[in-house]
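*Asks:* Just upload-v4.txt, nothing more (compact mmCIF, C-alpha atoms):
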# COMPACT_ATOMS: atom_id res chain seq x y z
CA MET A 1 41.17 -3.56 -7.58
CA THR A 2 40.43 0.11 -8.39
CA ARG A 3 41.25 3.25 -6.40
CA LEU A 4 38.48 5.88 -6.29
CA LYS A 5 37.86 9.34 -4.87
CA ILE A 6 34.28 9.53 -3.57
CA THR A 7 32.71 12.80 -4.69
CA LYS A 8 29.15 12.62 -3.35
CA SER A 9 26.45 10.48 -1.74
CA GLY A 10 23.74 8.57 -3.58
CA ILE A 11 20.02 8.36 -2.82
CA ASN A 12 20.53 5.10 -0.91
CA GLY A 13 23.33 6.50 1.23
CA GLU A 14 26.14 4.93 -0.79
CA GLY A 15 29.27 6.78 -1.88
CA ILE A 16 29.65 7.72 -5.56
CA GLY A 17 32.90 8.02 -7.47
CA PHE A 18 33.68 7.86 -11.20
CA PHE A 19 35.68 5.41 -13.31
CA LYS A 20 36.04 5.86 -17.07
CA ARG A 21 33.30 8.52 -16.93
CA LYS A 22 30.80 6.11 -15.43
CA PRO A 23 29.48 6.40 -11.85
CA VAL A 24 30.58 3.83 -9.31
CA PHE A 25 28.26 3.12 -6.36
CA VAL A 26 30.11 1.96 -3.23
CA ASP A 27 28.38 1.17 0.06
CA GLY A 28 30.06 2.19 3.30
CA CYS A 29 31.89 5.35 2.26
CA PHE A 30 31.29 9.08 2.05
CA LYS A 31 32.23 12.23 0.16
CA ASP A 32 35.97 13.10 0.09
CA GLU A 33 37.08 9.58 1.01
CA VAL A 34 39.63 7.63 -1.06
CA VAL A 35 38.89 3.91 -1.30
CA ASP A 36 40.05 0.70 -2.91
CA CYS A 37 37.21 -1.35 -4.31
CA LYS A 38 36.41 -4.19 -6.67
CA LEU A 39 34.30 -3.10 -9.65
CA TYR A 40 31.34 -4.91 -11.19
CA ASP A 41 30.13 -3.51 -14.51
CA GLU A 42 26.33 -3.10 -14.52
CA GLY A 43 25.92 -1.37 -17.87
CA ASN A 44 25.60 2.37 -17.44
CA HIS A 45 27.29 2.28 -14.04
CA TYR A 46 29.58 0.20 -11.84
CA ARG A 47 28.84 -1.38 -8.48
CA GLY A 48 31.89 -1.23 -6.21
CA LYS A 49 32.63 -3.66 -3.38
CA LEU A 50 34.55 -1.75 -0.72
CA ILE A 51 37.93 -3.31 0.09
CA LYS A 52 39.63 -0.60 2.11
CA ILE A 53 39.23 3.09 2.99
CA LEU A 54 42.58 4.82 2.47
CA GLU A 55 41.56 8.40 3.37
CA TYR A 56 38.68 9.06 5.75
CA SER A 57 36.27 11.99 5.63
CA LYS A 58 36.73 14.50 8.43
CA GLU A 59 32.95 14.24 8.93
CA ARG A 60 33.08 10.51 9.71
CA VAL A 61 32.21 9.44 13.26
CA LYS A 62 32.06 6.13 15.07
CA PRO A 63 28.46 4.84 14.71
CA LYS A 64 26.62 4.33 18.00
CA CYS A 65 25.13 1.05 16.78
CA PRO A 66 27.52 -1.94 16.48
CA LEU A 67 25.34 -3.39 13.69
CA GLN A 68 25.42 -0.25 11.51
CA LYS A 69 27.78 -1.67 8.89
CA ILE A 70 25.95 -4.96 8.38
CA CYS A 71 22.31 -3.92 8.93
CA GLY A 72 22.08 -1.22 6.26
CA GLY A 73 19.11 0.54 7.85
CA CYS A 74 21.07 3.59 9.06
CA LYS A 75 23.67 4.20 6.36
CA LEU A 76 24.43 7.80 7.41
CA MET A 77 25.00 7.01 11.09
CA ALA A 78 28.77 6.98 10.43
CA VAL A 79 28.86 10.73 9.67
CA ASN A 80 28.06 13.59 12.06
CA TYR A 81 24.52 14.94 12.09
CA ASN A 82 25.27 18.28 10.42
CA GLU A 83 26.85 16.40 7.52
CA GLN A 84 23.77 14.16 7.31
CA LEU A 85 21.60 17.25 6.84
CA LYS A 86 23.95 18.56 4.13
CA ILE A 87 23.81 15.21 2.31
CA LYS A 88 20.00 15.25 2.33
CA LYS A 89 19.95 18.81 1.01
CA GLU A 90 22.36 17.84 -1.79
CA LEU A 91 20.23 14.79 -2.68
CA LEU A 92 17.09 16.92 -2.95
CA GLU A 93 18.82 19.66 -4.96
CA GLY A 94 20.41 17.00 -7.17
CA ALA A 95 17.04 15.40 -7.95
CA LEU A 96 15.52 18.80 -8.75
CA ASP A 97 18.49 19.62 -11.02
CA LYS A 98 18.22 16.30 -12.83
CA TYR A 99 14.47 16.04 -13.37
CA PHE A 100 13.12 19.59 -13.03
CA THR A 101 15.20 22.73 -12.59
CA HIS A 102 17.75 24.21 -10.18
CA PHE A 103 16.61 25.38 -6.75
CA ASP A 104 18.67 26.66 -3.85
CA ILE A 105 16.58 25.18 -1.07
CA PRO A 106 16.90 26.25 2.58
CA ASP A 107 18.78 24.01 5.01
CA VAL A 108 17.01 20.79 5.94
CA ILE A 109 14.96 21.20 9.13
CA PRO A 110 16.62 18.93 11.73
CA SER A 111 14.81 16.32 13.76
CA GLU A 112 14.19 16.97 17.44
CA LYS A 113 15.58 13.49 18.10
CA ILE A 114 18.43 11.82 16.23
CA PHE A 115 18.06 8.52 18.07
CA ARG A 116 15.06 6.97 19.83
CA TYR A 117 12.58 8.64 17.48
CA ARG A 118 10.91 5.67 15.79
CA ASN A 119 7.48 4.90 17.26
CA LYS A 120 7.04 1.54 15.54
CA CYS A 121 8.99 -1.70 15.18
CA ASN A 122 8.37 -4.50 12.70
CA LEU A 123 10.78 -7.35 13.30
CA PRO A 124 10.87 -11.03 12.32
CA PHE A 125 11.14 -13.88 14.82
CA PHE A 126 13.91 -16.50 14.74
CA GLU A 127 15.19 -19.14 17.12
CA HIS A 128 18.70 -18.96 18.57
CA ASP A 129 20.12 -21.37 21.17
CA GLY A 130 16.62 -22.71 21.78
CA LYS A 131 15.11 -19.27 22.41
CA LEU A 132 12.83 -17.02 20.40
CA ILE A 133 14.58 -13.81 19.33
CA ASN A 134 14.07 -10.79 17.11
CA ALA A 135 16.59 -10.28 14.33
CA LEU A 136 17.41 -8.01 11.42
CA TYR A 137 18.29 -9.19 7.94
CA ARG A 138 21.85 -8.61 6.85
CA GLN A 139 21.89 -5.94 4.14
CA GLY A 140 21.08 -7.44 0.73
CA SER A 141 20.47 -10.97 2.04
CA ASN A 142 18.08 -13.26 3.90
CA HIS A 143 20.63 -13.99 6.64
CA PRO A 144 19.43 -12.89 10.10
CA ILE A 145 21.49 -10.77 12.49
CA LEU A 146 20.76 -11.17 16.20
CA LEU A 147 19.22 -7.93 17.49
CA ASP A 148 19.92 -7.01 21.08
CA GLU A 149 18.97 -3.32 20.94
CA CYS A 150 17.86 -0.86 18.26
CA ILE A 151 18.78 2.70 19.22
CA ILE A 152 16.44 4.14 16.59
CA HIS A 153 13.41 2.69 18.37
CA GLU A 154 11.78 4.81 21.05
CA GLU A 155 13.06 3.72 24.49
CA ARG A 156 9.78 2.50 25.96
CA LEU A 157 9.00 0.59 22.77
CA GLU A 158 12.33 -1.26 23.09
CA GLU A 159 11.63 -2.10 26.73
CA ILE A 160 8.24 -3.55 25.80
CA ARG A 161 9.76 -5.53 22.91
CA LYS A 162 12.22 -7.20 25.29
CA GLN A 163 9.50 -7.96 27.85
CA ILE A 164 7.35 -9.52 25.13
CA LEU A 165 10.23 -11.81 24.14
CA LYS A 166 10.60 -12.93 27.79
CA VAL A 167 6.89 -13.76 27.99
CA LEU A 168 6.93 -15.63 24.67
CA ASN A 169 9.93 -17.71 25.75
CA LYS A 170 8.40 -18.37 29.17
CA ASN A 171 5.35 -19.74 27.35
CA LYS A 172 7.64 -21.79 25.05
CA LEU A 173 6.48 -20.33 21.73
CA LYS A 174 8.37 -21.19 18.56
CA ALA A 175 9.37 -19.38 15.36
CA TYR A 176 7.31 -19.99 12.23
CA ASP A 177 7.58 -23.30 10.40
CA HIS A 178 6.53 -23.01 6.74
CA LYS A 179 5.73 -26.72 6.48
CA GLU A 180 3.58 -26.83 9.60
CA LYS A 181 2.20 -23.32 8.97
CA LYS A 182 2.54 -22.63 12.68
CA GLY A 183 4.69 -20.44 14.88
CA LEU A 184 5.51 -16.74 15.19
CA ARG A 185 6.60 -14.79 12.10
CA GLN A 186 6.74 -11.11 12.97
CA LEU A 187 6.41 -8.72 15.90
CA LEU A 188 4.74 -5.34 15.33
CA ILE A 189 4.64 -2.74 18.09
CA ARG A 190 3.48 0.86 17.75
CA GLY A 191 2.84 3.38 20.44
CA PHE A 192 3.33 6.75 22.07
CA LYS A 193 4.39 7.58 25.63
CA ASP A 194 2.84 4.65 27.52
CA GLU A 195 0.16 3.34 25.18
CA TYR A 196 1.29 0.59 22.81
CA GLN A 197 -0.43 -1.62 20.28
CA VAL A 198 1.08 -5.10 19.80
CA VAL A 199 0.49 -7.47 16.87
CA LEU A 200 1.90 -11.01 16.76
CA ILE A 201 1.94 -12.28 13.18
CA SER A 202 1.70 -16.06 13.26
CA GLY A 203 0.62 -19.14 11.37
CA ASN A 204 -2.51 -21.11 12.24
CA ASP A 205 -1.80 -20.97 15.97
CA ARG A 206 -4.29 -20.70 18.79
CA PHE A 207 -2.95 -18.61 21.67
CA ASP A 208 -4.05 -19.79 25.11
CA GLN A 209 -5.47 -17.41 27.68
CA LYS A 210 -2.39 -17.59 29.91
CA LEU A 211 -0.22 -16.19 27.11
CA ILE A 212 -2.74 -13.42 26.43
CA ASP A 213 -2.91 -12.57 30.16
CA ASP A 214 0.88 -12.53 30.51
CA LEU A 215 1.32 -10.24 27.49
CA SER A 216 -1.48 -7.88 28.48
CA ALA A 217 0.02 -7.59 31.97
CA ILE A 218 3.11 -5.85 30.52
CA LYS A 219 2.88 -2.20 31.49
CA GLY A 220 2.12 -0.08 28.41
CA VAL A 221 0.55 -2.86 26.32
CA THR A 222 -2.83 -1.25 25.64
CA SER A 223 -4.06 -3.66 22.98
CA LEU A 224 -3.01 -7.04 21.65
CA TYR A 225 -3.73 -8.58 18.25
CA GLN A 226 -2.95 -11.80 16.43
CA GLY A 227 -2.41 -11.55 12.68
CA ILE A 228 -2.70 -14.89 10.90
CA ASN A 229 -0.77 -15.15 7.63
CA THR A 230 0.46 -18.39 6.08
CA VAL A 231 1.37 -16.99 2.65
CA LYS A 232 4.95 -18.01 1.85
CA ASN A 233 6.30 -14.64 0.64
CA PRO A 234 3.62 -12.06 1.48
CA VAL A 235 3.98 -8.46 0.34
CA HIS A 236 2.33 -7.31 3.57
CA LEU A 237 2.06 -9.60 6.58
CA LEU A 238 -0.88 -7.61 7.95
CA ASN A 239 -2.99 -8.52 4.91
CA GLY A 240 -4.06 -11.76 6.60
CA LYS A 241 -6.73 -12.33 9.24
CA LEU A 242 -6.44 -9.92 12.18
CA LYS A 243 -7.91 -10.98 15.52
CA ARG A 244 -8.13 -8.70 18.57
CA LEU A 245 -7.14 -10.57 21.73
CA TYR A 246 -7.09 -7.81 24.33
CA GLY A 247 -7.80 -4.11 24.81
CA PRO A 248 -9.40 -1.42 22.64
CA ARG A 249 -9.49 -1.71 18.86
CA LYS A 250 -7.39 1.45 18.44
CA ILE A 251 -4.85 3.54 20.32
CA ILE A 252 -4.95 7.34 20.41
CA PHE A 253 -2.11 9.61 19.30
CA ARG A 254 -2.26 13.18 20.58
CA SER A 255 -0.84 15.76 18.19
CA GLY A 256 -1.06 19.37 19.32
CA ASP A 257 -4.75 20.08 19.85
CA TYR A 258 -5.80 16.96 17.92
CA LYS A 259 -6.34 13.30 18.73
CA LEU A 260 -6.03 10.51 16.19
CA TYR A 261 -7.32 6.96 16.39
CA LEU A 262 -4.82 4.43 15.02
CA SER A 263 -5.75 0.88 14.09
CA PRO A 264 -2.96 -1.69 13.51
CA GLU A 265 -3.25 -1.33 9.71
CA ALA A 266 -3.25 2.49 9.70
CA PHE A 267 -0.26 4.29 8.19
CA PHE A 268 1.25 6.96 10.42
CA GLN A 269 4.61 8.71 10.36
CA LEU A 270 7.33 6.92 12.33
CA ASN A 271 8.76 10.20 13.67
CA GLU A 272 5.83 12.04 15.26
CA TYR A 273 7.99 15.02 16.24
CA GLN A 274 8.74 15.86 12.61
CA ALA A 275 5.24 14.87 11.48
CA GLU A 276 3.71 17.51 13.75
CA LYS A 277 6.16 20.09 12.39
CA ILE A 278 5.15 19.27 8.82
CA TYR A 279 1.40 19.39 9.59
CA SER A 280 1.84 22.76 11.28
CA ASP A 281 3.91 24.16 8.40
CA VAL A 282 1.39 22.96 5.79
CA ASN A 283 -1.27 24.80 7.79
CA GLU A 284 0.81 28.00 7.81
CA LEU A 285 1.27 27.88 4.02
CA ILE A 286 -2.42 28.73 3.69
CA ASP A 287 -2.51 32.43 4.52
CA LYS A 288 -6.26 32.97 4.37
CA LYS A 289 -9.45 30.97 4.70
CA VAL A 290 -10.84 29.53 1.46
CA ASP A 291 -13.99 27.71 0.44
CA THR A 292 -12.73 24.25 -0.52
CA ILE A 293 -9.58 22.28 0.26
CA VAL A 294 -9.05 18.75 -1.05
CA GLU A 295 -6.39 16.37 0.25
CA ALA A 296 -5.49 13.42 -1.97
CA TYR A 297 -3.91 10.33 -0.34
CA SER A 298 -5.30 11.52 3.00
CA GLY A 299 -4.70 8.33 5.00
CA ILE A 300 -6.20 8.60 8.48
CA GLY A 301 -6.84 12.33 7.93
CA ALA A 302 -4.15 14.04 10.01
CA ILE A 303 -3.35 16.87 7.56
CA SER A 304 -7.02 17.45 6.68
CA LEU A 305 -7.90 17.82 10.38
CA TYR A 306 -5.02 20.26 10.89
CA LEU A 307 -6.44 22.37 8.04
CA HIS A 308 -10.06 22.37 9.21
CA ASP A 309 -10.04 26.07 10.13
CA LYS A 310 -8.48 27.08 6.78
CA GLY A 311 -11.45 26.05 4.64
CA ASN A 312 -15.23 26.05 4.76
CA GLU A 313 -15.08 22.49 3.49
CA ILE A 314 -12.20 19.99 3.53
CA ILE A 315 -12.50 16.74 1.57
CA GLY A 316 -10.00 13.93 2.04
CA ILE A 317 -9.61 11.23 -0.63
CA GLU A 318 -8.07 7.85 0.18
CA LEU A 319 -8.31 4.53 -1.66
CA GLU A 320 -7.91 2.34 1.45
CA GLU A 321 -11.37 1.90 3.00
CA LYS A 322 -10.08 1.09 6.50
CA ALA A 323 -8.05 4.32 6.53
CA VAL A 324 -11.13 6.30 5.46
CA LYS A 325 -13.15 4.74 8.28
CA ASP A 326 -10.40 5.76 10.72
CA ALA A 327 -10.30 9.28 9.24
CA ASN A 328 -14.04 9.84 9.59
CA GLU A 329 -13.88 8.56 13.18
CA ASN A 330 -10.99 10.97 13.82
CA ALA A 331 -13.12 13.88 12.60
CA LYS A 332 -15.84 12.88 15.08
CA LEU A 333 -13.29 12.36 17.86
CA ASN A 334 -12.10 15.97 17.41
CA ASP A 335 -15.63 17.35 17.01
CA ILE A 336 -14.77 18.68 13.55
CA HIS A 337 -17.75 18.89 11.20
CA ASN A 338 -16.43 20.52 8.01
CA VAL A 339 -14.05 17.67 7.14
CA SER A 340 -15.17 14.47 5.38
CA PHE A 341 -13.36 11.57 3.73
CA LEU A 342 -14.06 9.50 0.62
CA ALA A 343 -12.90 5.95 -0.14
CA GLU A 344 -12.12 6.45 -3.81
CA ASP A 345 -9.37 6.64 -6.41
CA ALA A 346 -7.84 10.12 -6.13
CA SER A 347 -7.98 10.95 -9.83
CA LYS A 348 -11.59 9.82 -10.29
CA ALA A 349 -12.76 11.62 -7.16
CA LEU A 350 -10.96 14.80 -8.18
CA ARG A 351 -12.60 14.77 -11.62
CA ARG A 352 -16.01 14.35 -10.03
CA ILE A 353 -15.51 17.04 -7.38
CA VAL A 354 -14.38 19.74 -9.85
CA LYS A 355 -17.61 19.32 -11.81
CA SER A 356 -19.66 20.64 -8.89
CA LYS A 357 -17.34 23.00 -7.04
CA LYS A 358 -14.16 25.06 -7.35
CA ILE A 359 -11.20 23.62 -5.48
CA ASP A 360 -9.07 26.41 -4.01
CA ILE A 361 -6.24 24.30 -2.62
CA LEU A 362 -5.17 20.74 -3.36
CA VAL A 363 -2.89 18.95 -0.87
CA VAL A 364 -1.21 15.77 -2.11
CA ASP A 365 0.78 13.34 0.04
CA PRO A 366 1.43 10.39 -2.30
CA PRO A 367 3.51 7.25 -1.65
CA ARG A 368 7.16 7.03 -2.78
CA SER A 369 6.05 6.36 -6.36
CA GLY A 370 4.66 9.91 -6.52
CA LEU A 371 1.68 11.11 -8.55
CA ASP A 372 0.80 8.84 -11.47
CA ASP A 373 0.05 10.08 -15.00
CA GLU A 374 -3.70 9.88 -14.50
CA ILE A 375 -3.89 12.23 -11.52
CA LEU A 376 -1.32 14.59 -13.07
CA THR A 377 -3.49 14.85 -16.18
CA THR A 378 -6.55 15.45 -14.00
CA ILE A 379 -4.82 18.21 -12.02
CA MET A 380 -3.64 19.94 -15.20
CA LYS A 381 -7.21 20.07 -16.52
CA THR A 382 -8.53 21.78 -13.38
CA LYS A 383 -8.14 25.39 -12.30
CA ILE A 384 -7.02 24.74 -8.74
CA ASN A 385 -5.35 27.86 -7.35
CA LYS A 386 -2.68 26.30 -5.15
CA ILE A 387 -1.06 22.89 -4.67
CA ILE A 388 0.77 21.78 -1.53
CA TYR A 389 2.84 18.70 -2.33
CA VAL A 390 4.15 16.60 0.59
CA SER A 391 6.78 14.17 -0.70
CA CYS A 392 8.98 11.38 0.69
CA ASN A 393 10.93 10.83 -2.56
CA PRO A 394 12.99 13.63 -4.17
CA ALA A 395 13.18 11.88 -7.57
CA THR A 396 9.44 11.34 -8.07
CA LEU A 397 8.75 14.79 -6.61
CA ALA A 398 11.07 16.43 -9.15
CA ARG A 399 9.53 14.52 -12.07
CA ASN A 400 6.03 15.52 -10.95
CA LEU A 401 7.02 19.17 -10.49
CA ASP A 402 8.38 19.19 -14.04
CA VAL A 403 4.96 18.17 -15.37
CA LEU A 404 3.02 20.55 -13.12
CA SER A 405 5.31 23.49 -13.94
CA ASP A 406 3.47 23.98 -17.23
CA LYS A 407 0.65 25.60 -15.22
CA TYR A 408 2.06 25.99 -11.71
CA LYS A 409 4.96 27.95 -10.28
CA VAL A 410 6.96 26.75 -7.27
CA GLU A 411 6.66 29.36 -4.52
CA GLU A 412 8.40 27.62 -1.62
CA ILE A 413 10.27 24.40 -0.84
CA LYS A 414 11.00 23.09 2.66
CA ALA A 415 12.88 19.91 3.51
CA TYR A 416 12.62 17.93 6.76
CA ASP A 417 14.76 15.22 8.29
CA MET A 418 12.06 12.67 9.08
CA PHE A 419 14.50 9.76 9.43
CA PRO A 420 17.85 10.72 10.99
CA ASN A 421 20.80 8.44 10.14
CA THR A 422 19.18 7.42 6.85
CA PRO A 423 19.38 9.15 3.43
CA HIS A 424 15.60 9.78 3.33
CA VAL A 425 14.26 13.33 3.26
CA GLU A 426 10.70 14.66 3.44
CA THR A 427 9.75 17.72 1.38
CA VAL A 428 6.86 20.20 1.31
CA VAL A 429 6.36 22.30 -1.83
CA LEU A 430 3.91 25.17 -2.34
CA MET A 431 2.83 25.84 -5.94
CA SER A 432 0.58 28.56 -7.35
CA ARG A 433 -1.30 28.53 -10.65
CA VAL A 434 0.04 30.91 -13.28
CA GLU A 435 -1.33 31.93 -16.66
CA ARG A 436 1.24 31.31 -19.38
Once you've parsed the file, please lay out its structure as structure tokens.

*Replies:*
Amino acid sequence: MTRLKITKSGINGEGIGFFKRKPVFVDGCFKDEVVDCKLYDEGNHYRGKLIKILEYSKERVKPKCPLQKICGGCKLMAVNYNEQLKIKKELLEGALDKYFTHFDIPDVIPSEKIFRYRNKCNLPFFEHDGKLINALYRQGSNHPILLDECIIHEERLEEIRKQILKVLNKNKLKAYDHKEKKGLRQLLIRGFKDEYQVVLISGNDRFDQKLIDDLSAIKGVTSLYQGINTVKNPVHLLNGKLKRLYGPRKIIFRSGDYKLYLSPEAFFQLNEYQAEKIYSDVNELIDKKVDTIVEAYSGIGAISLYLHDKGNEIIGIELEEKAVKDANENAKLNDIHNVSFLAEDASKALRRIVKSKKIDILVVDPPRSGLDDEILTTIMKTKINKIIYVSCNPATLARNLDVLSDKYKVEEIKAYDMFPNTPHVETVVLMSRVER
């Protein structure tokens, strides 16, 4: 057993101390705490199994969720919210220090809601005492934990989830059996206010009309889908066959003056309150109208639509064809005619576009892996005036900024708490081209 002083938080919300000049990562503790732990040497660092906390941080609070310690989804819930914001700021500054250069960033912009902000749930089905239930996986394992209530989920979403379980049990449905390739695997619900889209991921089951009628009678269930997926360990359960059973193909999210169609497969931010703030701030970073704005990784087109009055032409680029179809429909829905979307690889599309027109502003909103080498090389060969980088991963952001800094200067950095109680932080960076 080893005694450690925890000096900071890691990117996954764990505490970090040092032993023999090597970092020790310990789940379940925070800065300024003294702990006893068992060490496991993993080469250039140690993994510590927490045995006992001897001195507690003054910022520690009792988590509101009884599953917080074993679930692992909300690792920062055990510290007060102001401390959570400080941790996220330190994580972002630390990543910039390590991979790029030092920046004193402003305080992280807090979320309007700390709990009940998540507009989507994605939970597996299990059977317990002869009943179908939703459960969470115990952190770092395949062992299920019975879920009674998730206080991160939006309240109405949780109410609908519980009503769906009652209906499924009333109709005597079972959890998935890999041998039979039948039964329920996963429950997906997404919605806003009182309009919710429900997807039941199952095996080769045929749902009878009574079940469909009972589910669609739940107040707030606007549309109902069945996703059929019998792959043993699928990367994405929604990649199987998707069958609409009831209601419209898409739900509508209203954001400020805009409306967005959302299909079950469409990516959309889980905290719409912070998403709207980010879209608005990206819009404000453009101080005058320009000719051409391009958004790479545009998804269903939310940012591009927000920017429609800042450019004579806005072009969104997205590899996923279904998302592009949604985005073009969203442009029509909002009666916006200067925004269009392409289903294409971002780097290839960018190379083609710059041959025929000058891009004034490039907006990028890549996945957690950041911008790959190909698109970075493409950007560096262009003469785009400004780049607005929307990031969900401080480490990949910092690495990308280091590459781009050869021709672009960072003008402004803003950080947002998109996911309270977790270590994740969203960042918006404005860069301007400079002649070296």

*Asks:* One decimal, Å: what's the distance from atom CA of A:Tyr306 over to atom CA of A:Leu92, could you say?

*Replies:* 26.3 Å

*Asks:* Identify, on the basis of all atoms listed in the file, every residue whose closest approach to A:Leu215 does not exceed 8 Å; exclude the query and any residue fewer than 3 positions from it along the same chain; express the result as a tab-separated table (two decimals) with C-alpha atoms, in the coordinates of the input.

*Replies:*
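Just written: selection28.tsv:
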chain	number	residue	atom	x	y	z
A	164	ILE	CA	7.35	-9.52	25.13
A	167	VAL	CA	6.89	-13.76	27.99
A	211	LEU	CA	-0.22	-16.19	27.11
A	212	ILE	CA	-2.74	-13.42	26.43
A	218	ILE	CA	3.11	-5.85	30.52
A	221	VAL	CA	0.55	-2.86	26.32
A	224	LEU	CA	-3.01	-7.04	21.65

*Asks:* Considering only C-alpha atoms, return as a list in words whatever protein or nucleic-acid residues lie within 6 Å of stretch 336-342 of chain A, sequence-local ones (same chain, fewer than 2 positions apart) excluded.

*Replies:*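 Residues near the query, excluding close chain neighbours: Glu313, Ile314, Ile315, Gly316, Ile317, Val324, Ala331, Asn334 and Glu344 of chain A.
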
*Asks:* List the residues sitting within 12 Å of (18.3, -21.3, 21.7) in the file's frame, using only C-alpha atoms, as an MDAnalysis selection string.

*Replies:* chainID A and resid 126:133 146 169 172:175

*Asks:* Return as lines of an AutoDock Vina configuration file the centre and edge lengths, in Å with one decimal, of the box along x, y and z that encloses every atom of stretch 379-392 of chain A in the file, padded by 8 Å per side.

*Replies:*
center_x = 0.2
center_y = 19.6
center_z = -7.9
size_x = 33.5
size_y = 32.5
size_z = 33.2

*Asks:* With all atoms listed in the file as the counted atoms, please give the residues lying no more than 10 Å from A:Phe19, apart from itself and same-chain residues fewer than 6 positions off, as an MDAnalysis selection string.

*Replies:* chainID A and resid 2:5 39 45:46

*Asks:* Store the residues picked out above, limited to C-alpha atoms, as a compact mmCIF listing (two decimals), keeping the file's coordinate frame.

*Replies:*
# COMPACT_ATOMS: atom_id res chain seq x y z
CA THR A 2 40.43 0.11 -8.39
CA ARG A 3 41.25 3.25 -6.40
CA LEU A 4 38.48 5.88 -6.29
CA LYS A 5 37.86 9.34 -4.87
CA LEU A 39 34.30 -3.10 -9.65
CA HIS A 45 27.29 2.28 -14.04
CA TYR A 46 29.58 0.20 -11.84

*Asks:* Between A:Ile160, A:Val231, A:Leu305, A:Ala346, which is the closest to A:Lys182 once you count all atoms listed in the file?

*Replies:*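 For A:Lys182, the nearest of the candidates is A:Val231.
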
*Asks:* As an exercise, work out the distance from atom CA of A:Arg138 to atom CA of A:Ile6 in Å and give it to one decimal place.

*Replies:*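 According to the coordinates, atom CA of A:Arg138 and atom CA of A:Ile6 are separated by 24.3 Å.
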
*Asks:* Ranking A:Ile251, A:Met1, A:Leu260, A:Ile361 by minimum distance to A:Asn328 and counting only C-alpha atoms, which one comes first?

*Replies:*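 That would be A:Leu260, the residue with the smallest distance to A:Asn328.
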
*Asks:* Take stretch 217-231 of chain A from the preceding structure and save N, CA and C atoms as an mmCIF file, in the first residue's frame.

*Replies:*
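Result went into decode_18.cif, see below:
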data_model
loop_
_atom_site.group_PDB
_atom_site.id
_atom_site.type_symbol
_atom_site.label_atom_id
_atom_site.label_comp_id
_atom_site.auth_asym_id
_atom_site.auth_seq_id
_atom_site.Cartn_x
_atom_site.Cartn_y
_atom_site.Cartn_z
ATOM 1 N N ALA A 217 -49.338 5.329 -27.376
ATOM 2 C CA ALA A 217 -50.322 6.030 -26.544
ATOM 3 C C ALA A 217 -49.674 6.785 -25.394
ATOM 4 N N ILE A 218 -48.391 6.537 -25.125
ATOM 5 C CA ILE A 218 -47.682 7.260 -24.062
ATOM 6 C C ILE A 218 -47.546 8.726 -24.469
ATOM 7 N N LYS A 219 -48.003 9.614 -23.617
ATOM 8 C CA LYS A 219 -47.955 11.043 -23.931
ATOM 9 C C LYS A 219 -46.512 11.490 -24.155
ATOM 10 N N GLY A 220 -46.256 12.128 -25.295
ATOM 11 C CA GLY A 220 -44.912 12.613 -25.612
ATOM 12 C C GLY A 220 -44.180 11.742 -26.604
ATOM 13 N N VAL A 221 -44.627 10.483 -26.792
ATOM 14 C CA VAL A 221 -43.991 9.615 -27.792
ATOM 15 C C VAL A 221 -44.514 10.024 -29.165
ATOM 16 N N THR A 222 -43.694 10.772 -29.888
ATOM 17 C CA THR A 222 -44.088 11.306 -31.194
ATOM 18 C C THR A 222 -43.852 10.298 -32.304
ATOM 19 N N SER A 223 -42.748 9.561 -32.209
ATOM 20 C CA SER A 223 -42.456 8.554 -33.224
ATOM 21 C C SER A 223 -41.799 7.342 -32.583
ATOM 22 N N LEU A 224 -42.025 6.181 -33.213
ATOM 23 C CA LEU A 224 -41.542 4.920 -32.677
ATOM 24 C C LEU A 224 -40.873 4.115 -33.786
ATOM 25 N N TYR A 225 -39.664 3.626 -33.491
ATOM 26 C CA TYR A 225 -38.895 2.843 -34.457
ATOM 27 C C TYR A 225 -38.482 1.517 -33.835
ATOM 28 N N GLN A 226 -38.250 0.536 -34.715
ATOM 29 C CA GLN A 226 -37.583 -0.695 -34.317
ATOM 30 C C GLN A 226 -36.276 -0.794 -35.085
ATOM 31 N N GLY A 227 -35.176 -0.954 -34.354
ATOM 32 C CA GLY A 227 -33.882 -1.165 -34.991
ATOM 33 C C GLY A 227 -33.491 -2.627 -34.822
ATOM 34 N N ILE A 228 -33.286 -3.321 -35.912
ATOM 35 C CA ILE A 228 -32.958 -4.747 -35.853
ATOM 36 C C ILE A 228 -31.452 -4.923 -36.026
ATOM 37 N N ASN A 229 -30.819 -5.522 -35.015
ATOM 38 C CA ASN A 229 -29.368 -5.721 -35.064
ATOM 39 C C ASN A 229 -29.025 -7.000 -34.309
ATOM 40 N N THR A 230 -28.516 -7.987 -35.035
ATOM 41 C CA THR A 230 -28.165 -9.273 -34.413
ATOM 42 C C THR A 230 -26.659 -9.508 -34.375
ATOM 43 N N VAL A 231 -25.870 -8.467 -34.698
ATOM 44 C CA VAL A 231 -24.416 -8.579 -34.625
ATOM 45 C C VAL A 231 -24.011 -8.732 -33.160
#
